[in-house]
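J.: Next up is a structure, given as structure tokens.
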There are 2 protein chains.
Amino acid sequence: MLKPLPKARSSDLLRARLREHGLKLTHQRELIAELFLSQDHITVEELYHEVAKNDPSIGIITVYRTLKLLCQWDLAQERHFGKGKTIYDNVAWKSHHDHLICTKCGRIIEFSNFQIEKFQEQVAGEHEFRITFHKLELYGMCKTCDTHVGKRPPRAHGHTA
Amino acid sequence: MLKPLPKARSSDLLRARLREHGLKLTHQRELIAELFLSQDHITVEELYHEVAKNDPSIGIITVYRTLKLLCQWDLAQERHFGKGKTIYDNVAWKSHHDHLICTKCGRIIEFSNFQIEKFQEQVAGEHEFRITFHKLELYGMCKTCDTHVGKRPPRAHGHTA
DNA sequence: TCTGAATTGAAACGAACTTTCAGTATGTTG
DNA sequence: CAACATACTGAAAGTTCGTTTCAATTCAGA
Ligand SMILES: [Mn+2]
Ligand SMILES: [Mn+2]
Ligand SMILES: [Zn+2]
Ligand SMILES: [Zn+2]
């Protein structure tokens with residue numbers, strides 16, 4: 001997010017990776033990847049419904065399989081916010097970041113903070129531990145939801161952050 | 001961990017909570033809570049096996065149900081490290097803390113760091129977000145595992161951190 | 001166009017819970 | 001202590017989310 005990688009067309013990105021791994025370019029993979037790479041965070045279920053709008057013959061199994069491939073190629077990352085279903089983070093053009101998650105409307109805000117990461121390393125050092133990756137999730141209320149507390153619930157405002 | 005609450009016998013803790021909520025003290029609940037509150041982190045499966053050593057007639061369903069009660073009373077907290085099963089954190093005598101998780105041996109180290117929490121608040125402020133709770137998990141290798149890299153795998157050394 | 005390997009969708013399967021329900025244990029009242 | 005209203009329990013069935021299996025189809029490259 002704060003350090004965008006060199007932008008490439010999503011279709012080229014897919015083709016390149018498939019080539020590298022000797023895999024086939026199918027219209028299913030093309031559509032699924034295209035839709036996934038055009039947004040930020042999405043569940044398998046949601047992506048499946050988007051896909052169905054264009055081609056209802058595609059099965060949700062293929063959505064699962066394609067997302068798994070994208071994860072292997074570091075174009076996507078699995079996230080487990082709340083206790084619900086897995087959210088796939090489109091990281092094709094983003095570097096490492098953490099998240100603020102609104103527990104009321106589901107909005108997801110990305111951030112990265114060098115100071116926090118620095119202190120994480122310090123803590124690890126104190127325990128003679130070597131960090132390879134981490135998860136930091138801050139849950140609470142976004143501004144919109146917070147100002148509506150006690151009043152009527154806010155209208156939808158960007159769950160797809 | 002760093003700010004231990006006034007220590008009480010686990011059996012008294014259970015009785016008190018059951019009383020407060022008009023629930024019954026059964027020998028199943030007594031045994032399950034006793035064993036759970038005598039350790040730090042455990043899965044339902046593991047706790048079930050411990051319980052079975054004392055009373056094989058107790059079903060795993062009752063372990064699930066009792067842990068759910070302990071969670072409601074803030075004596076336990078669900079954690080989802082890795083992608084496997086839920087780990088229950090005994091927080092009866094601990095205040096908020098985060099974790100270092102060794103991906104090789106499963107060891108769990110607890111810590112709390114005021115600086116990190118401070119910067120979390122700062123980040124939230126920048127995004128006009130109000131944090132209600134958070135999860136910080138640092139994954140990697142503990143000292144023991146790290147020094148054994150490339151050599152033969154280390155013997156078990158305290159998975160039950 | 002031919003051909004063999006990769007891919008797909010449906011259905012079966014699996015893991016980790018959760019719900020249902022009839023029989024049992026508990027605490028309370030008399 | 002006895003009787004009773006309920007809460008509790010264990011087994012089995014049911015959910016949810018995701019994975020495996022497999023016959024039919026599609027793709028890529030010769
Ligand atoms: Mn993200
Ligand atoms: Mn802990
Ligand atoms: Zn919100
Ligand atoms: Zn270790």
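Naming works like this for the structure tokens: A, B, ... for the chains as they're shown, residue 1 at the start of each chain, ligands 1 onward in shown order.
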Which protein, DNA or RNA residues have an atom within 7 Å of ligand 4, counting only C-alpha atoms (C1' of nucleotides) and all ligand atoms, as a list in words?
T.: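 Checking only C-alpha atoms (C1' of nucleotides) and all ligand atoms against ligand 4 at 7 Å gives Cys102, Thr103, Lys104, Cys105, Gly106, Arg107, Met141, Cys142, Lys143, Thr144 and Cys145 of chain B.
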J.: Keeping N, CA, C and O atoms, export the residues of the selection given above as a PDB file, in the first residue's frame.
T.:
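Just written: part_15.pdb:
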```pdb
ATOM      1  N   CYS B 102       6.711 -20.210  18.133  1.00  0.00           N
ATOM      2  CA  CYS B 102       7.730 -20.918  17.365  1.00  0.00           C
ATOM      3  C   CYS B 102       7.029 -21.849  16.376  1.00  0.00           C
ATOM      4  O   CYS B 102       6.282 -22.736  16.767  1.00  0.00           O
ATOM      5  N   THR B 103       7.301 -21.625  15.084  1.00  0.00           N
ATOM      6  CA  THR B 103       6.625 -22.408  14.056  1.00  0.00           C
ATOM      7  C   THR B 103       7.231 -23.803  13.914  1.00  0.00           C
ATOM      8  O   THR B 103       6.718 -24.637  13.181  1.00  0.00           O
ATOM      9  N   LYS B 104       8.339 -24.029  14.620  1.00  0.00           N
ATOM     10  CA  LYS B 104       8.958 -25.340  14.515  1.00  0.00           C
ATOM     11  C   LYS B 104       8.514 -26.282  15.633  1.00  0.00           C
ATOM     12  O   LYS B 104       8.092 -27.398  15.365  1.00  0.00           O
ATOM     13  N   CYS B 105       8.579 -25.795  16.873  1.00  0.00           N
ATOM     14  CA  CYS B 105       8.261 -26.692  17.995  1.00  0.00           C
ATOM     15  C   CYS B 105       6.941 -26.352  18.664  1.00  0.00           C
ATOM     16  O   CYS B 105       6.478 -27.078  19.539  1.00  0.00           O
ATOM     17  N   GLY B 106       6.336 -25.224  18.269  1.00  0.00           N
ATOM     18  CA  GLY B 106       5.041 -24.884  18.840  1.00  0.00           C
ATOM     19  C   GLY B 106       5.105 -24.125  20.153  1.00  0.00           C
ATOM     20  O   GLY B 106       4.075 -23.754  20.720  1.00  0.00           O
ATOM     21  N   ARG B 107       6.306 -23.861  20.618  1.00  0.00           N
ATOM     22  CA  ARG B 107       6.469 -23.138  21.885  1.00  0.00           C
ATOM     23  C   ARG B 107       5.813 -21.760  21.816  1.00  0.00           C
ATOM     24  O   ARG B 107       5.886 -21.078  20.803  1.00  0.00           O
ATOM     25  N   MET B 141      11.286 -18.577  15.067  1.00  0.00           N
ATOM     26  CA  MET B 141      11.954 -19.699  15.701  1.00  0.00           C
ATOM     27  C   MET B 141      12.451 -19.301  17.090  1.00  0.00           C
ATOM     28  O   MET B 141      13.096 -18.273  17.258  1.00  0.00           O
ATOM     29  N   CYS B 142      12.198 -20.160  18.042  1.00  0.00           N
ATOM     30  CA  CYS B 142      12.726 -19.932  19.379  1.00  0.00           C
ATOM     31  C   CYS B 142      14.217 -20.275  19.361  1.00  0.00           C
ATOM     32  O   CYS B 142      14.699 -20.909  18.430  1.00  0.00           O
ATOM     33  N   LYS B 143      14.926 -19.864  20.368  1.00  0.00           N
ATOM     34  CA  LYS B 143      16.377 -20.054  20.405  1.00  0.00           C
ATOM     35  C   LYS B 143      16.767 -21.513  20.195  1.00  0.00           C
ATOM     36  O   LYS B 143      17.618 -21.834  19.389  1.00  0.00           O
ATOM     37  N   THR B 144      16.098 -22.381  20.927  1.00  0.00           N
ATOM     38  CA  THR B 144      16.424 -23.808  20.844  1.00  0.00           C
ATOM     39  C   THR B 144      16.322 -24.334  19.415  1.00  0.00           C
ATOM     40  O   THR B 144      17.224 -25.009  18.928  1.00  0.00           O
ATOM     41  N   CYS B 145      15.221 -24.002  18.757  1.00  0.00           N
ATOM     42  CA  CYS B 145      15.021 -24.493  17.392  1.00  0.00           C
ATOM     43  C   CYS B 145      15.995 -23.848  16.420  1.00  0.00           C
ATOM     44  O   CYS B 145      16.485 -24.485  15.490  1.00  0.00           O
TER      45      CYS B 145
END
```
J.: For chain C, which residues have at least one atom within 8 Å of chain B, if we go by only C-alpha atoms (C1' of nucleotides)? Write them as a ChimeraX atom specification, please.
T.: /C:16,25-27
J.: Output as a PyMOL selection string all residues of chain B that backbone DSSP marks as strand (DSSP E).
T.: chain B and resi 41-43+76-79+87-90+98-102+108-111+130-141
J.: Generate a file of the selected residues that holds C-alpha atoms, formatted as a PDB file, in the first residue's frame.
T.:
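Output contents, as saved in result-v2.pdb:
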```pdb
ATOM      1  CA  HIS B  41      -2.218 -22.773  26.618  1.00  0.00           C
ATOM      2  CA  ILE B  42      -4.072 -25.864  25.468  1.00  0.00           C
ATOM      3  CA  THR B  43      -6.337 -27.143  22.702  1.00  0.00           C
ATOM      4  CA  ALA B  76      -9.999 -18.221  29.121  1.00  0.00           C
ATOM      5  CA  GLN B  77      -9.488 -16.688  25.677  1.00  0.00           C
ATOM      6  CA  GLU B  78      -9.658 -18.312  22.272  1.00  0.00           C
ATOM      7  CA  ARG B  79      -6.545 -17.922  20.126  1.00  0.00           C
ATOM      8  CA  ILE B  87      -5.827 -22.736  21.405  1.00  0.00           C
ATOM      9  CA  TYR B  88      -7.329 -21.697  24.731  1.00  0.00           C
ATOM     10  CA  ASP B  89      -5.257 -19.257  26.739  1.00  0.00           C
ATOM     11  CA  ASN B  90      -5.622 -19.472  30.511  1.00  0.00           C
ATOM     12  CA  ASP B  98       0.685 -10.924  23.109  1.00  0.00           C
ATOM     13  CA  HIS B  99       2.633 -13.937  21.841  1.00  0.00           C
ATOM     14  CA  LEU B 100       5.774 -15.177  20.167  1.00  0.00           C
ATOM     15  CA  ILE B 101       5.023 -18.510  18.486  1.00  0.00           C
ATOM     16  CA  CYS B 102       7.730 -20.918  17.365  1.00  0.00           C
ATOM     17  CA  ILE B 108       4.503 -20.074  22.961  1.00  0.00           C
ATOM     18  CA  ILE B 109       6.156 -17.141  24.731  1.00  0.00           C
ATOM     19  CA  GLU B 110       4.072 -14.361  26.246  1.00  0.00           C
ATOM     20  CA  PHE B 111       5.039 -10.719  26.315  1.00  0.00           C
ATOM     21  CA  ARG B 130     -11.026   3.647  18.025  1.00  0.00           C
ATOM     22  CA  ILE B 131      -9.393   0.338  19.006  1.00  0.00           C
ATOM     23  CA  THR B 132     -11.343  -1.982  21.288  1.00  0.00           C
ATOM     24  CA  PHE B 133      -8.960  -4.940  21.156  1.00  0.00           C
ATOM     25  CA  HIS B 134      -6.067  -6.232  19.116  1.00  0.00           C
ATOM     26  CA  LYS B 135      -4.057  -9.280  18.177  1.00  0.00           C
ATOM     27  CA  LEU B 136      -0.300  -9.274  17.759  1.00  0.00           C
ATOM     28  CA  GLU B 137       1.369 -12.551  16.940  1.00  0.00           C
ATOM     29  CA  LEU B 138       5.069 -12.867  16.146  1.00  0.00           C
ATOM     30  CA  TYR B 139       5.929 -16.114  14.401  1.00  0.00           C
ATOM     31  CA  GLY B 140       9.414 -17.535  13.943  1.00  0.00           C
ATOM     32  CA  MET B 141      11.954 -19.699  15.701  1.00  0.00           C
TER      33      MET B 141
END
```
J.: Set the cut-off to 8 Å and count only C-alpha atoms (C1' of nucleotides): what are the residues of chain D that reach chain A? Output as a VMD selection string.
T.: chain D and resid 17 27 to 28
J.: Mind writing the picked residues with N, CA and C atoms (P, O5', C5', C4', C3', O3' and C1' of nucleotides) as a short mmCIF file (atom, residue, chain, number, x, y, z; two decimals), in the first residue's frame?
T.:
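Now in part.cif:
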```cif
data_model
loop_
_atom_site.label_atom_id
_atom_site.label_comp_id
_atom_site.auth_asym_id
_atom_site.auth_seq_id
_atom_site.Cartn_x
_atom_site.Cartn_y
_atom_site.Cartn_z
P DC D 17 -19.25 -20.73 6.58
"O5'" DC D 17 -17.82 -21.26 6.15
"C5'" DC D 17 -16.80 -21.37 7.15
"C4'" DC D 17 -15.71 -22.27 6.62
"C3'" DC D 17 -15.23 -21.92 5.20
"O3'" DC D 17 -13.83 -21.78 5.24
"C1'" DC D 17 -15.68 -24.23 5.38
P DC D 27 -10.04 -23.94 -23.18
"O5'" DC D 27 -8.48 -24.18 -23.21
"C5'" DC D 27 -7.80 -24.32 -21.96
"C4'" DC D 27 -6.43 -24.89 -22.17
"C3'" DC D 27 -5.59 -24.17 -23.23
"O3'" DC D 27 -4.38 -23.77 -22.62
"C1'" DC D 27 -5.54 -26.53 -23.54
P DA D 28 -3.44 -22.64 -23.29
"O5'" DA D 28 -2.23 -23.54 -23.84
"C5'" DA D 28 -1.43 -24.25 -22.90
"C4'" DA D 28 -0.42 -25.10 -23.66
"C3'" DA D 28 0.35 -24.34 -24.73
"O3'" DA D 28 1.67 -24.86 -24.75
"C1'" DA D 28 -0.83 -26.10 -25.73
#
```
J.: What does the distance from atom C1' of C:DG30 to atom C1' of D:DA3 come to in Å, to one decimal?
T.: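 So the two atoms, atom C1' of C:DG30 and atom C1' of D:DA3, lie 8.8 Å apart.
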J.: If we count only C-alpha atoms (C1' of nucleotides), what is near stretch 7-15 of chain B at a cut-off of 10 Å, once residues fewer than 3 positions away on the same chain are taken out, given as a ChimeraX atom specification?
T.: /B:4,18-20,23-25,29-31,33-38,70,73,75,92-94
J.: Running DSSP on the backbone, which parts of chain A land in helix (DSSP H, G or I), as a VMD selection string?
T.: chain A and resid 10 to 20 27 to 36 44 to 54 60 to 72 114 to 126 143 to 146
J.: Please provide as an NGL selection string all residues within 10 Å of stretch 10-13 of chain C, with the sequence filter that same-chain residues fewer than 4 positions apart are discarded (counting only C-alpha atoms (C1' of nucleotides)).
T.: (:A and (59 or 61)) or (:D and (19-22))
J.: Measuring atom to atom with only C-alpha atoms, identify which of B:Ser57, B:Asn113, B:Thr147, B:Gln72 is nearest to chain A.
T.: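 For chain A, the nearest of the candidates is B:Asn113.
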J.: Measuring between only C-alpha atoms, which one of A:Cys71, A:His96, A:Ile116, A:Glu121 shows the shortest distance to chain B?
T.: A:Ile116
J.: Would you kindly return, as a VMD selection string, each protein, DNA or RNA residue with an atom no farther than 12 Å from any atom of D:DG29, considering only C-alpha atoms (C1' of nucleotides) and excluding same-chain residues fewer than 3 positions away?
T.: (chain A and resid 24) or (chain C and resid 1 to 5)
J.: Set the distance at 12 Å and use only C-alpha atoms (C1' of nucleotides): which residues neighbour C:DT20 once local chain neighbours fewer than 6 positions away are removed? I'd like the list as a PyMOL selection string.
T.: chain D and resi 10-14
J.: Please save all heavy atoms of the selected residues as a short mmCIF file (atom, residue, chain, number, x, y, z; two decimals), in the first residue's frame.
T.:
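Result file follows (result.cif):
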```
data_model
loop_
_atom_site.label_atom_id
_atom_site.label_comp_id
_atom_site.auth_asym_id
_atom_site.auth_seq_id
_atom_site.Cartn_x
_atom_site.Cartn_y
_atom_site.Cartn_z
P DG D 10 -20.27 -35.89 29.85
OP1 DG D 10 -19.26 -36.66 30.62
OP2 DG D 10 -19.89 -34.65 29.16
"O5'" DG D 10 -20.94 -36.86 28.79
"C5'" DG D 10 -21.48 -38.10 29.21
"C4'" DG D 10 -22.07 -38.82 28.02
"O4'" DG D 10 -23.18 -38.04 27.51
"C3'" DG D 10 -21.11 -38.99 26.84
"O3'" DG D 10 -21.33 -40.29 26.29
"C2'" DG D 10 -21.49 -37.88 25.87
"C1'" DG D 10 -22.98 -37.69 26.16
N9 DG D 10 -23.47 -36.31 26.01
C8 DG D 10 -22.78 -35.15 26.27
N7 DG D 10 -23.50 -34.07 26.09
C5 DG D 10 -24.74 -34.55 25.68
C6 DG D 10 -25.94 -33.86 25.34
O6 DG D 10 -26.14 -32.64 25.33
N1 DG D 10 -26.96 -34.73 24.99
C2 DG D 10 -26.86 -36.09 24.98
N2 DG D 10 -27.94 -36.77 24.61
N3 DG D 10 -25.75 -36.76 25.30
C4 DG D 10 -24.73 -35.93 25.63
P DA D 11 -20.47 -40.85 25.09
OP1 DA D 11 -20.08 -42.23 25.46
OP2 DA D 11 -19.44 -39.87 24.71
"O5'" DA D 11 -21.56 -40.93 23.94
"C5'" DA D 11 -22.82 -41.55 24.23
"C4'" DA D 11 -23.71 -41.46 23.01
"O4'" DA D 11 -24.32 -40.15 22.95
"C3'" DA D 11 -22.99 -41.67 21.68
"O3'" DA D 11 -23.78 -42.54 20.87
"C2'" DA D 11 -22.87 -40.28 21.09
"C1'" DA D 11 -24.08 -39.55 21.69
N9 DA D 11 -23.87 -38.13 21.94
C8 DA D 11 -22.71 -37.51 22.36
N7 DA D 11 -22.83 -36.22 22.52
C5 DA D 11 -24.15 -35.96 22.18
C6 DA D 11 -24.90 -34.77 22.14
N6 DA D 11 -24.41 -33.57 22.46
N1 DA D 11 -26.19 -34.86 21.76
C2 DA D 11 -26.69 -36.07 21.45
N3 DA D 11 -26.08 -37.25 21.44
C4 DA D 11 -24.80 -37.12 21.82
P DA D 12 -23.29 -42.88 19.37
OP1 DA D 12 -23.59 -44.31 19.16
OP2 DA D 12 -21.92 -42.36 19.16
"O5'" DA D 12 -24.30 -42.01 18.50
"C5'" DA D 12 -25.64 -41.78 18.96
"C4'" DA D 12 -26.30 -40.78 18.03
"O4'" DA D 12 -26.00 -39.43 18.47
"C3'" DA D 12 -25.80 -40.87 16.59
"O3'" DA D 12 -26.89 -40.60 15.72
"C2'" DA D 12 -24.76 -39.77 16.52
"C1'" DA D 12 -25.43 -38.71 17.40
N9 DA D 12 -24.51 -37.71 17.95
C8 DA D 12 -23.21 -37.87 18.35
N7 DA D 12 -22.65 -36.77 18.80
C5 DA D 12 -23.66 -35.83 18.71
C6 DA D 12 -23.71 -34.46 19.04
N6 DA D 12 -22.69 -33.78 19.55
N1 DA D 12 -24.88 -33.79 18.82
C2 DA D 12 -25.91 -34.48 18.31
N3 DA D 12 -25.99 -35.77 17.97
C4 DA D 12 -24.81 -36.39 18.19
P DA D 13 -26.70 -40.79 14.13
OP1 DA D 13 -27.53 -41.96 13.76
OP2 DA D 13 -25.26 -40.73 13.76
"O5'" DA D 13 -27.41 -39.47 13.57
"C5'" DA D 13 -28.49 -38.87 14.29
"C4'" DA D 13 -28.51 -37.39 13.99
"O4'" DA D 13 -27.46 -36.71 14.73
"C3'" DA D 13 -28.27 -37.07 12.51
"O3'" DA D 13 -29.20 -36.09 12.10
"C2'" DA D 13 -26.83 -36.54 12.49
"C1'" DA D 13 -26.74 -35.86 13.85
N9 DA D 13 -25.37 -35.73 14.39
C8 DA D 13 -24.38 -36.68 14.44
N7 DA D 13 -23.26 -36.26 14.98
C5 DA D 13 -23.54 -34.93 15.31
C6 DA D 13 -22.76 -33.91 15.91
N6 DA D 13 -21.50 -34.10 16.31
N1 DA D 13 -23.33 -32.71 16.10
C2 DA D 13 -24.59 -32.54 15.69
N3 DA D 13 -25.43 -33.41 15.11
C4 DA D 13 -24.83 -34.60 14.94
P DG D 14 -29.15 -35.49 10.61
OP1 DG D 14 -30.56 -35.29 10.19
OP2 DG D 14 -28.23 -36.31 9.78
"O5'" DG D 14 -28.50 -34.06 10.84
"C5'" DG D 14 -29.04 -33.21 11.86
"C4'" DG D 14 -28.28 -31.90 11.86
"O4'" DG D 14 -26.98 -32.06 12.49
"C3'" DG D 14 -28.00 -31.35 10.46
"O3'" DG D 14 -28.26 -29.96 10.48
"C2'" DG D 14 -26.52 -31.64 10.24
"C1'" DG D 14 -25.98 -31.52 11.65
N9 DG D 14 -24.74 -32.25 11.93
C8 DG D 14 -24.47 -33.57 11.68
N7 DG D 14 -23.27 -33.93 12.06
C5 DG D 14 -22.71 -32.78 12.58
C6 DG D 14 -21.43 -32.55 13.15
O6 DG D 14 -20.50 -33.35 13.30
N1 DG D 14 -21.26 -31.23 13.55
C2 DG D 14 -22.22 -30.25 13.43
N2 DG D 14 -21.90 -29.04 13.86
N3 DG D 14 -23.42 -30.46 12.91
C4 DG D 14 -23.60 -31.73 12.51
#
```
J.: Grab the atom CA of A:Leu67 to atom CA of B:Gly82 distance for me, in Å with one decimal place.
T.: 18.8 Å
J.: Show me, as number ranges by chain, the residues that have an atom within 7 Å of A:Val44 when counting only C-alpha atoms (C1' of nucleotides), minus same-chain residues fewer than 3 positions from it.
T.: A: 47-48, 63-64
